[in-house]
Amino acid sequence: TVKEACKAACSHLAAQFELLHKKEHEFQERMCTAEQCAKKTLPENRIQLNIGGQRFCTTRETLLSENDTFFHSLAASEHWKPDDSGEYFIDRDPTQFHHILGYLRQKATAPPDTPLCLESVMDTNELSDFKKRQLLSDIDFYCLSGMAALLPTPKPLSNCTVRCSPLWVSGHQNPSDLLGPTELTSGVEAAGASSGSKW
């Protein structure tokens with residue numbers, strides 16, 4: 001009947017209008033995200049890092065996307081300044097830093113309170129236990145507790161002596177869970193004992 005046809009046409013138009021409204025909302029969100037990204041990548045927000053001789057380019061917001069980290073301490077320091085080439089140098093092995101930067105980029109772009117997943121920026125299954133320990137050491141150095149909680153724990157070491165800094169140890173509530181039956185000796189304390197200095 002005409003009445004049923006009109007009713008069906010109205011339902012169809014309402015559905016199309018709802019779909020159009022949804023697409024418009026998604027478009028506005030993408031435009032907003034693009035505008036925010038453009039602002040983040042302005043020259044004054046870019047940061048050139050030199051990690052152990054390897055260069056990385058990122059933004060200030062990415063580096064500060066997680067609270068209470070190594071990068072927050074550096075940002076608050078008046079002594080950490082770029083060199084003549086405009087780079088900030090950190091004397092650290094650069095091998096695993098791209099994973100850390102990937103995590104921070106994900107953190108910077110994710111909506112607040114959104115659970116993060118390392119698998120979206122790295123394949124943790126392809127990391128050997130050695131590389132996991134190497135990455136955990138860097139995670140502790142940069143004080144990225146959020147990333148440490150997401151990384152699978154490598155198999156414990158056995159019958160060896162590990163010398164590490166207090167910062168590396170402090171990142172884990174119980175380092176023996178990670179390292180197994182090992183002797184944890186602070187390299188800083190050991191150096192201080194031999195030189196008579198606590199530093």
# chains A, B, ... in the order shown; residues from 1 in each chain; ligands from 1

call {"tool": "residues_around", "arguments": {"residues": "Phe89 of chain A", "least_positions_apart": "5", "cutoff": "10 Å", "atoms": "only C-alpha atoms", "output": "list in words"}}
result
Gln48, Leu49, Asn50, Ile51, Gly52, Gly53, Gln54, Arg55, Trp80, Lys81, Pro82 and Asp83 of chain A

call {"tool": "write_last_selection", "arguments": {"atoms": "C-alpha atoms", "output": "mmCIF file, in the first residue's frame"}}
result
data_model
loop_
_atom_site.group_PDB
_atom_site.id
_atom_site.type_symbol
_atom_site.label_atom_id
_atom_site.label_comp_id
_atom_site.auth_asym_id
_atom_site.auth_seq_id
_atom_site.Cartn_x
_atom_site.Cartn_y
_atom_site.Cartn_z
ATOM 1 C CA GLN A 48 66.487 15.190 17.227
ATOM 2 C CA LEU A 49 67.963 12.449 19.416
ATOM 3 C CA ASN A 50 71.400 10.916 19.057
ATOM 4 C CA ILE A 51 71.288 7.593 20.905
ATOM 5 C CA GLY A 52 74.789 6.160 21.025
ATOM 6 C CA GLY A 53 75.577 7.522 17.557
ATOM 7 C CA GLN A 54 72.256 6.651 15.886
ATOM 8 C CA ARG A 55 69.834 9.458 15.092
ATOM 9 C CA TRP A 80 70.539 18.947 28.933
ATOM 10 C CA LYS A 81 70.815 21.014 25.771
ATOM 11 C CA PRO A 82 71.254 20.222 22.070
ATOM 12 C CA ASP A 83 74.736 20.246 20.586
#

call {"tool": "residues_around", "arguments": {"residues": "Leu144 of chain A", "least_positions_apart": "5", "cutoff": "8 Å", "atoms": "only C-alpha atoms", "output": "PDB file with N, CA, C and O atoms, in the first residue's frame"}}
result
ATOM      1  N   GLU A  66      54.424   9.619  28.459  1.00  0.00           N
ATOM      2  CA  GLU A  66      54.265   8.870  29.717  1.00  0.00           C
ATOM      3  C   GLU A  66      54.871   9.688  30.854  1.00  0.00           C
ATOM      4  O   GLU A  66      55.956  10.263  30.698  1.00  0.00           O
ATOM      5  N   THR A  69      59.116   9.947  33.624  1.00  0.00           N
ATOM      6  CA  THR A  69      60.131   9.153  32.938  1.00  0.00           C
ATOM      7  C   THR A  69      61.461   9.898  32.899  1.00  0.00           C
ATOM      8  O   THR A  69      61.578  11.049  33.321  1.00  0.00           O
ATOM      9  N   PHE A  70      62.452   9.228  32.358  1.00  0.00           N
ATOM     10  CA  PHE A  70      63.771   9.803  32.133  1.00  0.00           C
ATOM     11  C   PHE A  70      63.664  11.092  31.312  1.00  0.00           C
ATOM     12  O   PHE A  70      64.356  12.078  31.587  1.00  0.00           O
ATOM     13  N   ILE A 139      64.267  -0.070  29.065  1.00  0.00           N
ATOM     14  CA  ILE A 139      62.997   0.375  29.637  1.00  0.00           C
ATOM     15  C   ILE A 139      63.217   0.898  31.049  1.00  0.00           C
ATOM     16  O   ILE A 139      62.671   1.939  31.448  1.00  0.00           O
TER      17      ILE A 139
END

call {"tool": "closest_residue", "arguments": {"among": "A:Leu20, A:Ala5, A:Ala15, A:Leu63", "to": "Ala108 of chain A", "atoms": "only C-alpha atoms"}}
result
A:Leu63

call {"tool": "residues_around", "arguments": {"residues": "segment 112-128 of chain A", "least_positions_apart": "3", "cutoff": "7 Å", "atoms": "only C-alpha atoms", "output": "short mmCIF file (atom, residue, chain, number, x, y, z; two decimals) with N, CA and C atoms, in the first residue's frame"}}
result
data_model
loop_
_atom_site.label_atom_id
_atom_site.label_comp_id
_atom_site.auth_asym_id
_atom_site.auth_seq_id
_atom_site.Cartn_x
_atom_site.Cartn_y
_atom_site.Cartn_z
N HIS A 99 61.93 0.38 19.42
CA HIS A 99 60.78 -0.21 20.10
C HIS A 99 60.22 0.76 21.15
N GLY A 102 58.44 3.53 19.40
CA GLY A 102 57.16 3.05 18.91
C GLY A 102 56.10 3.01 20.00
N TYR A 103 56.52 2.56 21.19
CA TYR A 103 55.60 2.53 22.33
C TYR A 103 55.15 3.94 22.71
N LYS A 131 67.40 -10.32 23.72
CA LYS A 131 66.88 -9.02 23.28
C LYS A 131 65.83 -8.49 24.26
N LYS A 132 65.06 -9.40 24.88
CA LYS A 132 64.08 -8.96 25.88
C LYS A 132 64.80 -8.36 27.08
N LEU A 150 53.98 -4.39 30.05
CA LEU A 150 53.43 -5.03 28.86
C LEU A 150 54.38 -6.04 28.23
#

call {"tool": "atom_distance", "arguments": {"atom1": "atom CA of Pro154 of chain A", "atom2": "atom CA of Thr62 of chain A"}}
result
27.2 Å

call {"tool": "atom_distance", "arguments": {"atom1": "atom CA of Arg92 of chain A", "atom2": "atom CA of Asn67 of chain A"}}
result
20.9 Å

call {"tool": "residues_around", "arguments": {"residues": "Ala148 of chain A", "least_positions_apart": "5", "cutoff": "10 Å", "atoms": "only C-alpha atoms", "output": "list in words"}}
result
Leu135, Leu136, Ser137, Asp138, Ile139, Asp140, Cys143, Thr153, Gly171 and His172 of chain A

call {"tool": "write_last_selection", "arguments": {"atoms": "C-alpha atoms", "output": "CSV table (one decimal), in the first residue's frame"}}
result
chain,number,residue,atom,x,y,z
A,135,LEU,CA,65.0,-4.1,26.0
A,136,LEU,CA,64.1,-4.4,29.7
A,137,SER,CA,67.4,-2.8,30.6
A,138,ASP,CA,66.6,0.2,28.3
A,139,ILE,CA,63.0,0.4,29.6
A,140,ASP,CA,64.3,0.6,33.2
A,143,CYS,CA,61.9,4.7,33.6
A,153,THR,CA,59.3,-11.7,31.1
A,171,GLY,CA,62.5,-0.8,38.0
A,172,HIS,CA,61.5,-4.3,39.2

call {"tool": "select_by_dssp", "arguments": {"residues": "segment 46-80 of chain A", "states": "alpha helix (DSSP H)", "output": "number ranges by chain"}}
result
A: 60-63, 70-76
